[in-house]
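Content type mmCIF, C-alpha atoms and all ligand atoms, from the file model-v9.cif:
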```cif
data_query
#
loop_
_atom_site.group_PDB
_atom_site.id
_atom_site.type_symbol
_atom_site.label_atom_id
_atom_site.label_comp_id
_atom_site.auth_asym_id
_atom_site.auth_seq_id
_atom_site.Cartn_x
_atom_site.Cartn_y
_atom_site.Cartn_z
ATOM 1 C CA MET R 1 -24.976 8.043 -84.003
ATOM 2 C CA SER R 2 -22.464 10.280 -85.775
ATOM 3 C CA LYS R 3 -19.698 8.455 -87.542
ATOM 4 C CA ILE R 4 -17.492 11.532 -87.655
ATOM 5 C CA ILE R 5 -14.308 10.835 -85.744
ATOM 6 C CA SER R 6 -13.365 13.693 -83.486
ATOM 7 C CA LEU R 7 -9.792 14.653 -82.662
ATOM 8 C CA ALA R 8 -10.516 13.703 -79.061
ATOM 9 C CA ASP R 9 -11.442 10.180 -80.179
ATOM 10 C CA MET R 10 -8.155 9.844 -82.006
ATOM 11 C CA LEU R 11 -6.101 11.132 -79.113
ATOM 12 C CA PHE R 12 -7.972 9.508 -76.258
ATOM 13 C CA CYS R 13 -9.662 6.180 -76.627
ATOM 14 C CA ARG R 14 -13.080 6.077 -75.031
ATOM 15 C CA GLN R 15 -13.622 3.956 -71.971
ATOM 16 C CA CYS R 16 -16.538 1.746 -71.040
ATOM 17 C CA ILE R 17 -18.730 3.871 -68.753
ATOM 18 C CA ALA R 18 -19.466 0.849 -66.532
ATOM 19 C CA CYS R 19 -16.150 -0.994 -66.085
ATOM 20 C CA GLY R 20 -13.660 1.600 -67.324
ATOM 21 C CA GLU R 21 -12.073 -0.710 -69.878
ATOM 22 C CA THR R 22 -10.511 1.084 -72.843
ATOM 23 C CA LEU R 23 -12.647 0.662 -75.946
ATOM 24 C CA PRO R 24 -11.164 -0.060 -79.383
ATOM 25 C CA LEU R 25 -9.710 2.917 -81.235
ATOM 26 C CA PHE R 26 -12.381 5.003 -83.011
ATOM 27 C CA SER R 27 -15.176 3.271 -81.098
ATOM 28 C CA HIS R 28 -18.287 5.372 -80.571
ATOM 29 C CA GLU R 29 -19.795 2.996 -78.078
ATOM 30 C CA ASP R 30 -20.315 3.805 -74.411
ATOM 31 C CA PHE R 31 -20.146 0.241 -73.079
ATOM 32 C CA CYS R 32 -17.680 -2.540 -73.793
ATOM 33 C CA SER R 33 -19.007 -5.700 -75.472
ATOM 34 C CA ASP R 34 -19.382 -7.461 -72.090
ATOM 35 C CA CYS R 35 -21.107 -4.654 -70.190
ATOM 36 C CA ILE R 36 -23.642 -3.869 -72.919
ATOM 37 C CA LYS R 37 -25.088 -7.341 -72.334
ATOM 38 C CA ASN R 38 -25.879 -6.240 -68.772
ATOM 39 C CA VAL R 39 -27.906 -3.179 -69.646
ATOM 40 C CA THR R 40 -31.660 -3.695 -69.337
ATOM 41 C CA ARG R 41 -34.277 -1.346 -70.681
ATOM 42 C CA LEU R 42 -37.583 -1.114 -68.849
ATOM 43 C CA LYS R 43 -40.425 -2.596 -70.840
ATOM 44 C CA LYS R 44 -43.387 -1.104 -69.002
ATOM 45 C CA ASP R 45 -41.850 2.063 -67.719
ATOM 46 C CA GLU R 46 -44.858 4.249 -66.882
ATOM 47 C CA LEU R 47 -45.760 4.867 -63.252
ATOM 48 C CA VAL R 48 -48.449 7.060 -61.731
ATOM 49 C CA LEU R 49 -47.457 8.828 -58.522
ATOM 50 C CA ALA R 50 -49.773 10.782 -56.230
ATOM 51 C CA HIS R 51 -48.627 14.150 -57.612
ATOM 52 C CA VAL R 52 -47.069 13.068 -60.903
ATOM 53 C CA ILE R 53 -49.339 12.205 -63.843
ATOM 54 C CA LYS R 54 -46.733 9.925 -65.366
ATOM 55 C CA ALA R 55 -43.222 9.008 -64.257
ATOM 56 C CA ARG R 56 -41.122 7.288 -66.913
ATOM 57 C CA SER R 57 -37.671 5.692 -66.764
ATOM 58 C CA VAL R 58 -35.375 4.367 -69.473
ATOM 59 C CA PHE R 59 -33.416 1.587 -67.758
ATOM 60 C CA VAL R 60 -33.588 -0.893 -64.924
ATOM 61 C CA TYR R 61 -31.212 0.295 -62.198
ATOM 62 C CA ASP R 62 -29.015 -2.762 -62.152
ATOM 63 C CA GLY R 63 -26.046 -4.366 -63.907
ATOM 64 C CA ALA R 64 -23.758 -2.224 -66.040
ATOM 65 C CA LEU R 65 -26.181 0.689 -66.095
ATOM 66 C CA ARG R 66 -26.067 0.874 -62.293
ATOM 67 C CA LYS R 67 -22.267 0.920 -62.415
ATOM 68 C CA ALA R 68 -22.358 3.702 -65.021
ATOM 69 C CA LEU R 69 -24.740 5.782 -62.904
ATOM 70 C CA VAL R 70 -22.557 5.304 -59.828
ATOM 71 C CA ARG R 71 -19.538 6.485 -61.811
ATOM 72 C CA PHE R 72 -21.512 9.478 -63.025
ATOM 73 C CA LYS R 73 -22.828 10.355 -59.588
ATOM 74 C CA TYR R 74 -19.855 9.716 -57.350
ATOM 75 C CA ASN R 75 -16.893 9.857 -59.707
ATOM 76 C CA ASN R 76 -17.986 12.731 -61.962
ATOM 77 C CA ASN R 77 -17.933 10.574 -65.077
ATOM 78 C CA ALA R 78 -19.429 13.034 -67.554
ATOM 79 C CA GLN R 79 -19.443 10.508 -70.413
ATOM 80 C CA ALA R 80 -21.847 8.342 -68.403
ATOM 81 C CA GLY R 81 -23.968 11.413 -67.675
ATOM 82 C CA ARG R 82 -24.136 12.393 -71.322
ATOM 83 C CA TYR R 83 -25.057 8.837 -72.300
ATOM 84 C CA VAL R 84 -28.038 8.615 -69.933
ATOM 85 C CA ALA R 85 -29.128 12.187 -70.735
ATOM 86 C CA ASN R 86 -29.279 11.297 -74.438
ATOM 87 C CA GLU R 87 -31.296 8.195 -73.623
ATOM 88 C CA ILE R 88 -33.744 10.215 -71.493
ATOM 89 C CA ALA R 89 -34.133 12.711 -74.356
ATOM 90 C CA SER R 90 -34.791 9.896 -76.880
ATOM 91 C CA LEU R 91 -37.524 8.464 -74.657
ATOM 92 C CA MET R 92 -39.116 11.890 -74.203
ATOM 93 C CA LYS R 93 -39.096 12.662 -77.919
ATOM 94 C CA LYS R 94 -41.439 9.714 -78.474
ATOM 95 C CA ASP R 95 -43.889 10.961 -75.840
ATOM 96 C CA LYS R 96 -46.172 13.725 -77.164
ATOM 97 C CA GLU R 97 -47.640 14.588 -73.752
ATOM 98 C CA ILE R 98 -44.222 15.099 -72.228
ATOM 99 C CA MET R 99 -42.911 16.985 -75.242
ATOM 100 C CA ALA R 100 -45.789 19.459 -74.859
ATOM 101 C CA ALA R 101 -44.273 20.615 -71.544
ATOM 102 C CA ASP R 102 -43.404 24.240 -70.906
ATOM 103 C CA TYR R 103 -40.457 23.600 -68.623
ATOM 104 C CA ILE R 104 -37.831 21.079 -67.591
ATOM 105 C CA ILE R 105 -36.983 21.173 -63.882
ATOM 106 C CA ASN R 106 -34.281 19.235 -62.038
ATOM 107 C CA VAL R 107 -34.371 17.681 -58.586
ATOM 108 C CA PRO R 108 -32.145 19.866 -56.397
ATOM 109 C CA ASN R 109 -29.277 18.607 -54.269
ATOM 110 C CA GLY R 110 -28.579 19.812 -50.793
ATOM 111 C CA LYS R 111 -25.100 20.932 -49.886
ATOM 112 C CA TYR R 112 -22.529 19.539 -52.301
ATOM 113 C CA THR R 113 -19.977 17.251 -50.768
ATOM 114 C CA THR R 114 -16.418 16.725 -51.923
ATOM 115 C CA ASP R 115 -17.278 13.369 -53.451
ATOM 116 C CA ARG R 116 -20.146 14.884 -55.420
ATOM 117 C CA LEU R 117 -18.931 17.967 -57.217
ATOM 118 C CA TYR R 118 -22.122 18.831 -59.006
ATOM 119 C CA ASN R 119 -25.825 18.208 -59.064
ATOM 120 C CA GLN R 120 -26.277 15.187 -61.303
ATOM 121 C CA SER R 121 -29.946 15.942 -61.971
ATOM 122 C CA MET R 122 -29.060 19.434 -63.160
ATOM 123 C CA PHE R 123 -26.378 18.001 -65.428
ATOM 124 C CA LEU R 124 -28.932 15.624 -66.988
ATOM 125 C CA ALA R 125 -31.764 18.162 -67.180
ATOM 126 C CA LYS R 126 -29.596 20.706 -68.980
ATOM 127 C CA ILE R 127 -28.683 18.250 -71.748
ATOM 128 C CA VAL R 128 -32.224 16.850 -71.967
ATOM 129 C CA ALA R 129 -33.718 20.346 -72.310
ATOM 130 C CA ARG R 130 -31.291 21.208 -75.099
ATOM 131 C CA LYS R 131 -31.917 17.948 -76.970
ATOM 132 C CA CYS R 132 -35.708 18.247 -76.634
ATOM 133 C CA LYS R 133 -35.722 22.012 -77.281
ATOM 134 C CA LEU R 134 -37.588 22.676 -74.034
ATOM 135 C CA LYS R 135 -36.934 25.526 -71.611
ATOM 136 C CA PHE R 136 -34.890 24.593 -68.545
ATOM 137 C CA LEU R 137 -35.548 26.242 -65.174
ATOM 138 C CA PRO R 138 -32.378 25.260 -63.257
ATOM 139 C CA ASN R 139 -33.153 26.782 -59.857
ATOM 140 C CA ALA R 140 -36.921 26.438 -59.656
ATOM 141 C CA LEU R 141 -36.673 23.924 -56.815
ATOM 142 C CA LYS R 142 -34.395 24.151 -53.818
ATOM 143 C CA LYS R 143 -33.564 21.692 -51.092
ATOM 144 C CA LYS R 144 -33.496 22.611 -47.438
ATOM 145 C CA GLN R 145 -30.186 22.257 -45.675
ATOM 146 C CA GLY R 146 -29.682 19.495 -43.147
ATOM 147 C CA ILE R 147 -31.799 16.850 -44.884
ATOM 148 C CA LYS R 148 -30.236 13.413 -44.477
ATOM 149 C CA SER R 149 -29.191 11.662 -47.689
ATOM 150 C CA GLN R 150 -31.828 9.200 -48.934
ATOM 151 C CA LEU R 151 -28.985 6.679 -49.196
ATOM 152 C CA LYS R 152 -28.716 6.680 -45.415
ATOM 153 C CA CYS R 153 -32.356 5.689 -44.916
ATOM 154 C CA LYS R 154 -32.810 2.015 -44.298
ATOM 155 C CA THR R 155 -36.470 1.479 -45.075
ATOM 156 C CA ARG R 156 -38.971 2.750 -47.620
ATOM 157 C CA LEU R 157 -40.921 4.438 -44.837
ATOM 158 C CA GLU R 158 -37.802 6.145 -43.537
ATOM 159 C CA ARG R 159 -37.043 7.421 -47.055
ATOM 160 C CA LYS R 160 -40.579 8.751 -47.356
ATOM 161 C CA GLU R 161 -40.488 10.537 -44.002
ATOM 162 C CA ASN R 162 -36.975 11.875 -44.552
ATOM 163 C CA ILE R 163 -37.814 13.607 -47.823
ATOM 164 C CA LYS R 164 -41.152 15.060 -46.661
ATOM 165 C CA ALA R 165 -41.084 18.853 -46.896
ATOM 166 C CA ALA R 166 -37.424 18.751 -47.974
ATOM 167 C CA PHE R 167 -37.974 21.039 -50.954
ATOM 168 C CA TYR R 168 -39.212 24.554 -51.566
ATOM 169 C CA ALA R 169 -39.746 26.747 -54.598
ATOM 170 C CA GLU R 170 -37.557 29.571 -55.763
ATOM 171 C CA LYS R 171 -38.916 32.912 -54.609
ATOM 172 C CA GLY R 172 -41.563 34.201 -56.992
ATOM 173 C CA LEU R 173 -41.799 30.971 -58.996
ATOM 174 C CA ASP R 174 -45.029 31.163 -60.974
ATOM 175 C CA LEU R 175 -46.013 28.050 -62.897
ATOM 176 C CA LYS R 176 -49.707 28.875 -63.209
ATOM 177 C CA GLY R 177 -51.261 26.664 -65.871
ATOM 178 C CA LYS R 178 -47.882 25.286 -66.940
ATOM 179 C CA THR R 179 -46.802 21.736 -67.707
ATOM 180 C CA VAL R 180 -43.456 20.698 -66.238
ATOM 181 C CA VAL R 181 -41.171 17.676 -66.468
ATOM 182 C CA ILE R 182 -38.953 16.798 -63.509
ATOM 183 C CA ILE R 183 -35.663 15.094 -64.412
ATOM 184 C CA ASP R 184 -33.702 12.868 -62.030
ATOM 185 C CA ASP R 185 -31.226 10.000 -62.262
ATOM 186 C CA ILE R 186 -32.951 7.194 -60.329
ATOM 187 C CA LEU R 187 -36.513 6.503 -59.243
ATOM 188 C CA THR R 188 -36.560 4.278 -56.164
ATOM 189 C CA THR R 189 -39.786 4.773 -54.215
ATOM 190 C CA GLY R 190 -40.906 7.897 -56.065
ATOM 191 C CA SER R 191 -40.966 9.886 -52.795
ATOM 192 C CA THR R 192 -38.457 12.464 -53.996
ATOM 193 C CA LEU R 193 -40.324 13.114 -57.259
ATOM 194 C CA ASN R 194 -43.627 13.295 -55.398
ATOM 195 C CA GLU R 195 -42.310 15.822 -52.901
ATOM 196 C CA CYS R 196 -40.861 17.953 -55.711
ATOM 197 C CA ALA R 197 -44.180 17.736 -57.551
ATOM 198 C CA LYS R 198 -46.084 18.915 -54.467
ATOM 199 C CA VAL R 199 -43.992 22.090 -54.378
ATOM 200 C CA LEU R 200 -44.485 22.660 -58.109
ATOM 201 C CA GLU R 201 -48.248 22.177 -57.692
ATOM 202 C CA LYS R 202 -48.258 24.843 -55.011
ATOM 203 C CA ALA R 203 -46.440 27.132 -57.443
ATOM 204 C CA GLY R 204 -49.359 26.646 -59.843
ATOM 205 C CA ALA R 205 -48.161 23.843 -62.150
ATOM 206 C CA GLU R 206 -51.114 22.212 -63.872
ATOM 207 C CA LYS R 207 -49.528 19.046 -65.205
ATOM 208 C CA ILE R 208 -46.425 17.388 -63.781
ATOM 209 C CA TYR R 209 -44.463 14.609 -65.446
ATOM 210 C CA ALA R 210 -41.179 13.025 -64.437
ATOM 211 C CA VAL R 211 -38.493 11.167 -66.343
ATOM 212 C CA THR R 212 -35.538 9.382 -64.777
ATOM 213 C CA ALA R 213 -32.617 7.507 -66.288
ATOM 214 C CA ALA R 214 -33.336 4.339 -64.308
ATOM 215 C CA ARG R 215 -35.745 2.709 -61.907
ATOM 216 C CA ALA R 216 -34.724 0.483 -59.014
ATOM 217 C CA LEU R 217 -37.028 -2.526 -59.194
ATOM 218 C CA SER R 218 -35.918 -4.824 -56.412
ATOM 219 C CA SER R 219 -33.343 -5.036 -53.686
ATOM 220 C CA LEU R 220 -29.926 -4.931 -55.234
ATOM 221 C CA LYS R 221 -27.051 -7.311 -54.755
ATOM 222 C CA PRO R 222 -23.807 -5.987 -53.318
ATOM 223 C CA ILE R 223 -21.403 -4.666 -55.924
ATOM 224 C CA LYS R 224 -17.928 -3.214 -55.840
ATOM 225 C CA ILE R 225 -17.099 -0.500 -58.313
ATOM 226 C CA LYS R 226 -13.554 0.618 -59.033
ATOM 227 C CA LEU R 227 -13.153 4.370 -59.123
ATOM 228 C CA LEU R 228 -10.153 6.639 -59.565
ATOM 229 C CA ASP R 229 -9.443 7.335 -55.930
ATOM 230 C CA ALA R 230 -11.808 5.068 -54.061
ATOM 231 C CA ASP R 231 -13.784 1.919 -54.398
ATOM 232 C CA ILE R 232 -17.455 2.189 -53.703
ATOM 233 C CA VAL R 233 -18.935 -0.820 -52.051
ATOM 234 C CA PHE R 234 -22.688 -1.076 -52.219
ATOM 235 C CA THR R 235 -23.296 -3.551 -49.452
ATOM 236 C CA LYS R 236 -27.031 -3.614 -49.192
ATOM 237 C CA LYS R 237 -29.372 -1.171 -50.812
ATOM 238 C CA PRO R 238 -29.374 1.699 -50.177
ATOM 239 C CA THR R 239 -26.258 2.021 -48.015
ATOM 240 C CA VAL R 240 -23.026 3.110 -49.651
ATOM 241 C CA HIS R 241 -19.592 2.634 -48.167
ATOM 242 C CA TYR R 242 -16.490 4.248 -49.507
ATOM 243 C CA LYS R 243 -13.141 2.574 -49.181
ATOM 244 C CA PHE R 244 -10.593 5.207 -49.975
ATOM 245 C CA LYS R 245 -7.309 4.036 -51.438
ATOM 246 C CA ARG R 246 -5.374 6.849 -49.832
HETATM 247 ZN ZN ZN O 301 -17.398 -2.589 -69.621
#
```

Would you mind giving the structure from this file in structure tokens?
Amino acid sequence: MSKIISLADMLFCRQCIACGETLPLFSHEDFCSDCIKNVTRLKKDELVLAHVIKARSVFVYDGALRKALVRFKYNNNAQAGRYVANEIASLMKKDKEIMAADYIINVPNGKYTTDRLYNQSMFLAKIVARKCKLKFLPNALKKKQGIKSQLKCKTRLERKENIKAAFYAEKGLDLKGKTVVIIDDILTTGSTLNECAKVLEKAGAEKIYAVTAARALSSLKPIKIKLLDADIVFTKKPTVHYKFKR
């Protein structure tokens, strides 16, 4: 990591991307000394999905990393986004098959809501593509309107059914003979990546890989995360409740 101290670092101390605590002056870390202990990297991270040759993930979706991803996704914490994007890129750089890809493609969002100002997968994919020097196709996949959020599905089966045929390809998308890598934040059941891959296959893609920041391994315990204008309470996976302060 660069040891050059930027003006921004001098003027604004960095904050822990999980708990928000102010880090020591000139710190280049992303987590505080407590939270970093609660970040787990996946040991065996490779998964085979029906339409994805290999799906890889950097972290276990739990502990401080889960908090950081929630802050990135629902509180627009770009520092957390940049951190996980860099980690995804580092993992990819060690994987020759993935680095031989022609394109990086992001999982599309449906309609943006006020609590989610941007597409987090696009944010990640853009940085990953730049770091890995791969071409990014930002609008290759689109999501149909009116698809219920996966967070609102209570069972694995419901998630699978909900996301079926939720995506379509950009008009004229031609991926004949190409290798593509789909980027997303979290892999839960793999249904979303699989459905995206199906569409890319139809557009001619020959090899499809996927890389996500984290993978949800088991049912998660309830957590409460302090945000700027609301607290998010994750009661029971995958339901999310907001408790707005105002
Ligand atoms: Zn912390």

- Message: Would you pick out the contacts of Ile186 (chain R) at 9 Å or less, using only C-alpha atoms, so that residues sharing its chain but fewer than 4 positions from it are not included, and give the list as a list in words?
- Response: Ser57, Tyr61, Leu69, Thr212, Ala213, Ala214, Arg215 and Ala216 of chain R

- Item | Selection dump of the PyMOL selection byres (((chain R and resi 133-136) around 7) and not hetatm), as a PyMOL selection string | chain R and resi 102-105+126+129-132+137-138

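The residue set within 8 Å of region 157-161 of chain R, counting only C-alpha atoms and dropping same-chain residues fewer than 5 places from it, reads Gln150, Thr189, Ser191 and Thr192 of chain R.
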
- Name the residues captured by the PyMOL selection byres (((chain R and resi 206) around 9) and not hetatm) when it is applied to the shown file; answer as a list in words. Leu175, Lys176, Gly177, Lys178, Thr179, Val180, Leu200, Glu201, Gly204, Ala205, Lys207 and Ile208 of chain R

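Distance cut-off 12 Å, centre (-24.9, -6.5, -71.2), atoms counted only C-alpha atoms; the residues meeting this are Cys16, Ala18, Cys19, Asp30, Phe31, Cys32, Ser33, Asp34, Cys35, Ile36, Lys37, Asn38, Val39, Thr40, Arg41, Asp62, Gly63, Ala64, Leu65, Arg66 and Lys67 of chain R.
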
Residue subset to file, keeping C-alpha atoms, as a PDB file, in the coordinates of the input:
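Written out: out.pdb:
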```pdb
ATOM      1  CA  CYS R  16     -16.538   1.746 -71.040  1.00  0.00           C
ATOM      2  CA  ALA R  18     -19.466   0.849 -66.532  1.00  0.00           C
ATOM      3  CA  CYS R  19     -16.150  -0.994 -66.085  1.00  0.00           C
ATOM      4  CA  ASP R  30     -20.315   3.805 -74.411  1.00  0.00           C
ATOM      5  CA  PHE R  31     -20.146   0.241 -73.079  1.00  0.00           C
ATOM      6  CA  CYS R  32     -17.680  -2.540 -73.793  1.00  0.00           C
ATOM      7  CA  SER R  33     -19.007  -5.700 -75.472  1.00  0.00           C
ATOM      8  CA  ASP R  34     -19.382  -7.461 -72.090  1.00  0.00           C
ATOM      9  CA  CYS R  35     -21.107  -4.654 -70.190  1.00  0.00           C
ATOM     10  CA  ILE R  36     -23.642  -3.869 -72.919  1.00  0.00           C
ATOM     11  CA  LYS R  37     -25.088  -7.341 -72.334  1.00  0.00           C
ATOM     12  CA  ASN R  38     -25.879  -6.240 -68.772  1.00  0.00           C
ATOM     13  CA  VAL R  39     -27.906  -3.179 -69.646  1.00  0.00           C
ATOM     14  CA  THR R  40     -31.660  -3.695 -69.337  1.00  0.00           C
ATOM     15  CA  ARG R  41     -34.277  -1.346 -70.681  1.00  0.00           C
ATOM     16  CA  ASP R  62     -29.015  -2.762 -62.152  1.00  0.00           C
ATOM     17  CA  GLY R  63     -26.046  -4.366 -63.907  1.00  0.00           C
ATOM     18  CA  ALA R  64     -23.758  -2.224 -66.040  1.00  0.00           C
ATOM     19  CA  LEU R  65     -26.181   0.689 -66.095  1.00  0.00           C
ATOM     20  CA  ARG R  66     -26.067   0.874 -62.293  1.00  0.00           C
ATOM     21  CA  LYS R  67     -22.267   0.920 -62.415  1.00  0.00           C
TER      22      LYS R  67
END
```

- Task: Check what the PyMOL selection byres (((chain R and resi 122) around 10) and not hetatm) selects in the file above and give those residues as a PyMOL selection string.
- Result: chain R and resi 104-109+118-121+123-128+136-139+183-185

- Message: Nearest residue to ligand ZN 301 (chain O) out of R:Leu23, R:Leu217, R:Ala101, R:Val48, using all atoms listed in the file?
- Response: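 Smallest distance to ligand ZN 301 (chain O) is found for R:Leu23.
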
- Message: Show me, as a ChimeraX atom specification, the residues that have an atom within 6 Å of Leu141 (chain R) when counting all atoms listed in the file, minus same-chain residues fewer than 4 positions from it.
- Response: /R:168-170
